[in-house]
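For reference, my_file_24.txt (compact mmCIF, C-alpha atoms):
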```txt
# COMPACT_ATOMS: atom_id res chain seq x y z
CA MET A 865 -7.69 -21.11 1.25
CA TRP A 866 -4.75 -19.81 -0.80
CA HIS A 867 -4.52 -21.17 -4.35
CA ALA A 868 -1.51 -21.23 -6.64
CA PRO A 869 -1.55 -18.52 -9.32
CA ARG A 870 -3.37 -19.45 -12.49
CA VAL A 871 -1.22 -17.21 -14.68
CA PRO A 872 2.56 -16.89 -14.77
CA ARG A 873 3.71 -13.98 -12.64
CA GLN A 874 6.79 -11.85 -13.16
CA ARG A 875 8.92 -12.00 -9.99
CA PHE A 876 9.16 -8.70 -8.08
CA ASP A 877 12.47 -7.10 -9.03
CA LEU A 878 13.36 -6.00 -5.49
CA LEU A 879 12.20 -9.12 -3.66
CA ASP A 880 15.74 -9.97 -2.49
CA ILE A 881 16.09 -6.67 -0.62
CA VAL A 882 12.68 -6.51 1.05
CA PRO A 883 13.41 -6.00 4.76
CA ALA A 884 11.95 -8.32 7.38
CA PRO A 885 9.23 -5.87 8.54
CA LEU A 886 7.81 -5.78 5.00
CA GLN A 887 7.94 -9.50 4.31
CA GLY A 888 4.39 -10.71 3.95
CA HIS A 889 3.26 -7.18 3.10
CA ILE A 890 4.95 -6.83 -0.30
CA LEU A 891 3.66 -8.94 -3.16
CA ASP A 892 6.29 -11.29 -4.55
CA PHE A 893 5.42 -10.45 -8.15
CA ASN A 894 5.28 -7.34 -10.33
CA TRP A 895 1.81 -5.97 -10.80
CA SER A 896 0.07 -3.15 -12.60
CA HIS A 897 -1.40 -0.10 -10.90
CA GLU A 898 -3.52 0.47 -13.98
CA ARG A 899 -5.02 -3.02 -13.72
CA LEU A 900 -5.60 -2.49 -10.01
CA TRP A 901 -7.41 0.79 -10.62
CA ALA A 902 -9.50 -0.84 -13.37
CA LEU A 903 -10.95 -3.47 -11.00
CA ASP A 904 -14.64 -2.85 -10.43
CA LEU A 905 -14.63 -2.90 -6.64
CA PRO A 906 -16.99 -1.05 -4.30
CA ALA A 907 -15.56 1.73 -2.16
CA ARG A 908 -16.14 1.24 1.54
CA PRO A 909 -15.32 3.53 4.44
CA MET A 910 -12.86 2.27 7.03
CA ALA A 911 -11.56 3.84 10.20
CA VAL A 912 -8.09 5.31 9.77
CA ALA A 913 -7.25 3.97 13.23
CA GLN A 914 -7.70 0.39 11.93
CA LEU A 915 -5.05 1.01 9.29
CA ARG A 916 -2.56 3.10 11.28
CA TRP A 917 -0.31 0.04 11.82
CA LEU A 918 0.56 0.18 8.10
CA LEU A 919 2.23 3.56 8.66
CA SER A 920 5.02 1.99 10.71
CA LEU A 921 6.29 -0.15 7.82
CA PRO A 922 9.30 1.03 5.74
CA TRP A 923 7.53 1.40 2.37
CA TRP A 924 9.52 4.27 0.99
CA SER A 925 12.93 5.00 -0.48
CA TYR A 926 15.36 7.59 0.76
CA GLN A 927 18.59 8.71 -0.89
CA ARG A 928 18.28 5.96 -3.52
CA ALA A 929 17.91 3.17 -0.96
CA HIS A 930 14.68 1.17 -1.15
CA PHE A 931 12.44 0.33 1.81
CA VAL A 932 14.23 2.45 4.40
CA ILE A 933 11.69 4.96 5.72
CA SER A 934 8.20 4.60 7.07
CA PRO A 935 5.36 7.09 6.90
CA GLU A 936 5.74 7.46 10.68
CA GLN A 937 9.32 8.68 10.15
CA VAL A 938 8.06 11.18 7.57
CA ARG A 939 5.45 12.36 10.07
CA SER A 940 8.14 12.79 12.74
CA ASP A 941 10.59 14.68 10.52
CA PRO A 942 8.84 16.24 7.49
CA SER A 943 11.73 18.59 6.74
CA ARG A 944 14.25 15.76 6.50
CA TYR A 945 11.93 13.62 4.36
CA HIS A 946 10.44 16.55 2.48
CA GLU A 947 9.99 14.69 -0.81
CA GLN A 948 7.73 12.06 0.75
CA TYR A 949 6.02 14.67 2.92
CA ASP A 950 5.30 16.83 -0.14
CA ARG A 951 3.89 13.80 -1.98
CA THR A 952 1.78 13.03 1.06
CA MET A 953 0.31 16.51 1.29
CA ALA A 954 -0.40 16.52 -2.46
CA ALA A 955 -2.25 13.17 -2.27
CA ASP A 956 -5.88 13.21 -3.41
CA LEU A 957 -8.08 11.96 -0.60
CA SER A 958 -11.07 11.69 -2.92
CA LEU A 959 -9.46 8.51 -4.28
CA PRO A 960 -9.85 5.32 -2.23
CA ILE A 961 -6.89 3.30 -1.06
CA HIS A 962 -6.55 -0.33 -2.15
CA LEU A 963 -6.10 -2.93 0.56
CA LEU A 964 -5.35 -6.62 0.14
CA SER A 965 -7.62 -8.70 2.31
CA HIS A 966 -7.40 -12.38 3.11
CA ASP A 967 -9.95 -14.17 5.28
CA ASN A 968 -11.68 -10.80 5.92
CA ARG A 969 -8.48 -9.35 7.38
CA VAL A 970 -6.41 -6.55 5.88
CA THR A 971 -2.95 -7.93 5.17
CA THR A 972 -1.38 -5.02 3.29
CA ILE A 973 -1.92 -1.82 1.38
CA LEU A 974 -1.43 -2.08 -2.36
CA ASP A 975 -1.99 1.54 -3.30
CA GLY A 976 -2.51 4.64 -1.22
CA VAL A 977 0.14 4.84 1.52
CA HIS A 978 0.53 8.60 0.94
CA ARG A 979 -3.26 9.05 1.09
CA LEU A 980 -3.47 7.07 4.32
CA LEU A 981 -0.76 9.19 5.93
CA LYS A 982 -2.42 12.39 4.76
CA ALA A 983 -5.76 11.25 6.15
CA ASP A 984 -4.10 10.57 9.49
CA LEU A 985 -2.12 13.82 9.51
CA THR A 986 -5.20 15.87 8.73
CA GLY A 987 -7.30 14.21 11.42
CA ARG A 988 -9.65 12.26 9.22
CA GLN A 989 -11.40 9.51 11.10
CA VAL A 990 -12.46 7.55 8.01
CA ILE A 991 -10.94 6.85 4.59
CA ASN A 992 -12.52 5.19 1.57
CA THR A 993 -11.03 1.82 0.73
CA LYS A 994 -11.35 -0.82 -1.93
CA GLN A 995 -10.82 -4.34 -0.69
CA VAL A 996 -8.84 -6.55 -3.07
CA THR A 997 -9.03 -10.27 -2.42
CA THR A 998 -6.35 -12.81 -3.24
CA ALA A 999 -8.65 -14.04 -6.02
CA CYS A 1000 -8.03 -10.73 -7.82
CA LEU A 1001 -4.24 -11.00 -7.79
CA ASP A 1002 -4.03 -12.78 -11.15
CA LEU A 1003 -5.96 -9.87 -12.65
CA ILE A 1004 -3.28 -7.35 -11.69
CA ALA A 1005 -0.19 -9.54 -12.17
CA ARG A 1006 2.36 -8.82 -14.87
CA SER A 1007 3.41 -11.93 -16.71
```

Encoded form (structure tokens):
Amino acid sequence: MWHAPRVPRQRFDLLDIVPAPLQGHILDFNWSHERLWALDLPARPMAVAQLRWLLSLPWWSYQRAHFVISPEQVRSDPSRYHEQYDRTMAADLSLPIHLLSHDNRVTTILDGVHRLLKADLTGRQVINTKQVTTACLDLIARS
């Protein structure tokens, strides 16, 4: 069951422009990557195929517009979206991706979209993940 946050959370700056496909996949508060990475969570392998649906969401910016291109678009036209493609190919697959899970179901990716795309592009069947539960959200929230 979802519980109200125990600590004040700083509202996500771009919440008003999050497009419909990303609603429910973007946290509504600002959070810290450093705090996320500091969580002591076990790494677990997961099939890339189970996470491929995340690659269709418009996570990335293009020409100064937020949330307009998806990893699938980058895959389809790497020369047009060369900045995101270059970031993808430079991603370190030794690092796990962080997934938000609720009721044992992945609801979004918090960190690692470029790594997930690279794993898929390079034919990896499995990627290491760290499952973040909603109980951990207060630990990464900026107040």

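Within 9 Å of Trp924 of chain A, once only C-alpha atoms are used and residues closer than 2 positions along the same chain are dropped, the contacting residues are Leu921, Pro922, Tyr926, Ala929, His930, Phe931, Val932, Ile933, Ser934, Pro935 and Gln948 of chain A.
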
task: Using all atoms listed in the file, find the one residue out of A:Tyr945, A:Trp923, A:Trp901, A:Trp917 that sits nearest to Thr993 of chain A.
output: A:Trp901

Extract, using only C-alpha atoms, all DNA, RNA and protein residues at most 12 Å from Leu980 of chain A, discarding same-chain residues fewer than 3 positions from it, and format them as an mmCIF file with C-alpha atoms, in the frame of the given file.
```cif
data_model
loop_
_atom_site.group_PDB
_atom_site.id
_atom_site.type_symbol
_atom_site.label_atom_id
_atom_site.label_comp_id
_atom_site.auth_asym_id
_atom_site.auth_seq_id
_atom_site.Cartn_x
_atom_site.Cartn_y
_atom_site.Cartn_z
ATOM 1 C CA MET A 910 -12.860 2.270 7.030
ATOM 2 C CA ALA A 911 -11.560 3.840 10.200
ATOM 3 C CA VAL A 912 -8.090 5.310 9.770
ATOM 4 C CA ALA A 913 -7.250 3.970 13.230
ATOM 5 C CA GLN A 914 -7.700 0.390 11.930
ATOM 6 C CA LEU A 915 -5.050 1.010 9.290
ATOM 7 C CA ARG A 916 -2.560 3.100 11.280
ATOM 8 C CA TRP A 917 -0.310 0.040 11.820
ATOM 9 C CA LEU A 918 0.560 0.180 8.100
ATOM 10 C CA LEU A 919 2.230 3.560 8.660
ATOM 11 C CA SER A 920 5.020 1.990 10.710
ATOM 12 C CA PRO A 935 5.360 7.090 6.900
ATOM 13 C CA GLU A 936 5.740 7.460 10.680
ATOM 14 C CA ARG A 939 5.450 12.360 10.070
ATOM 15 C CA ARG A 951 3.890 13.800 -1.980
ATOM 16 C CA THR A 952 1.780 13.030 1.060
ATOM 17 C CA MET A 953 0.310 16.510 1.290
ATOM 18 C CA ALA A 955 -2.250 13.170 -2.270
ATOM 19 C CA ASP A 956 -5.880 13.210 -3.410
ATOM 20 C CA LEU A 957 -8.080 11.960 -0.600
ATOM 21 C CA SER A 958 -11.070 11.690 -2.920
ATOM 22 C CA LEU A 959 -9.460 8.510 -4.280
ATOM 23 C CA PRO A 960 -9.850 5.320 -2.230
ATOM 24 C CA ILE A 961 -6.890 3.300 -1.060
ATOM 25 C CA HIS A 962 -6.550 -0.330 -2.150
ATOM 26 C CA LEU A 963 -6.100 -2.930 0.560
ATOM 27 C CA ILE A 973 -1.920 -1.820 1.380
ATOM 28 C CA LEU A 974 -1.430 -2.080 -2.360
ATOM 29 C CA ASP A 975 -1.990 1.540 -3.300
ATOM 30 C CA GLY A 976 -2.510 4.640 -1.220
ATOM 31 C CA VAL A 977 0.140 4.840 1.520
ATOM 32 C CA ALA A 983 -5.760 11.250 6.150
ATOM 33 C CA ASP A 984 -4.100 10.570 9.490
ATOM 34 C CA LEU A 985 -2.120 13.820 9.510
ATOM 35 C CA THR A 986 -5.200 15.870 8.730
ATOM 36 C CA GLY A 987 -7.300 14.210 11.420
ATOM 37 C CA ARG A 988 -9.650 12.260 9.220
ATOM 38 C CA GLN A 989 -11.400 9.510 11.100
ATOM 39 C CA VAL A 990 -12.460 7.550 8.010
ATOM 40 C CA ILE A 991 -10.940 6.850 4.590
ATOM 41 C CA ASN A 992 -12.520 5.190 1.570
ATOM 42 C CA THR A 993 -11.030 1.820 0.730
#
```

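For the atom pair formed by atom CA of Ile1004 of chain A and atom CA of Val871 of chain A, the distance is 10.5 Å, given to one decimal.
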
Contact check, segment 896-983 of chain A to segment 994-997 of chain A, at most 9 Å, counting only C-alpha atoms, closest pairs as CSV:
```
residue,atom,partner,partner_atom,distance
A:Leu900,CA,A:Val996,CA,8.7
A:Leu903,CA,A:Val996,CA,8.8
A:Leu905,CA,A:Lys994,CA,6.1
A:Pro906,CA,A:Lys994,CA,6.1
A:Ala907,CA,A:Lys994,CA,4.9
A:Arg908,CA,A:Lys994,CA,6.3
A:Pro909,CA,A:Lys994,CA,8.7
A:Pro960,CA,A:Lys994,CA,6.3
A:Ile961,CA,A:Lys994,CA,6.1
A:His962,CA,A:Lys994,CA,4.8
A:Leu963,CA,A:Gln995,CA,5.1
A:Leu964,CA,A:Val996,CA,4.7
A:Ser965,CA,A:Thr997,CA,5.2
A:His966,CA,A:Thr997,CA,6.1
A:Asp967,CA,A:Thr997,CA,8.7
A:Asn968,CA,A:Thr997,CA,8.8
A:Val970,CA,A:Gln995,CA,8.2
A:Leu974,CA,A:Val996,CA,8.7
```

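Here atom CA of Leu1003 of chain A and atom CA of Arg969 of chain A stand 20.2 Å from one another.
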
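With atom CA of Thr971 of chain A on one side and atom CA of Ala999 of chain A on the other, the separation reads 14.0 Å.
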
task: Compare A:Thr972, A:Ser925, A:Leu981, A:His897 by their minimum atom-to-atom distance to Tyr949 of chain A, counting only C-alpha atoms, and give me the closest one.
output: A:Leu981

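Closest approach to Arg944 of chain A from the set A:Ser896, A:Thr998, A:Ser1007, A:Gln927 is made by A:Gln927, with distances taken over all atoms listed in the file.
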
Please give the centre and size of the box around segment 950-960 of chain A (axis-aligned, containing every atom listed in the file, 8 Å added per side), with values in Å to one decimal and written as AutoDock Vina command-line options.
```
--center_x -2.9 --center_y 11.1 --center_z -1.5 --size_x 32.4 --size_y 27.5 --size_z 21.6
```
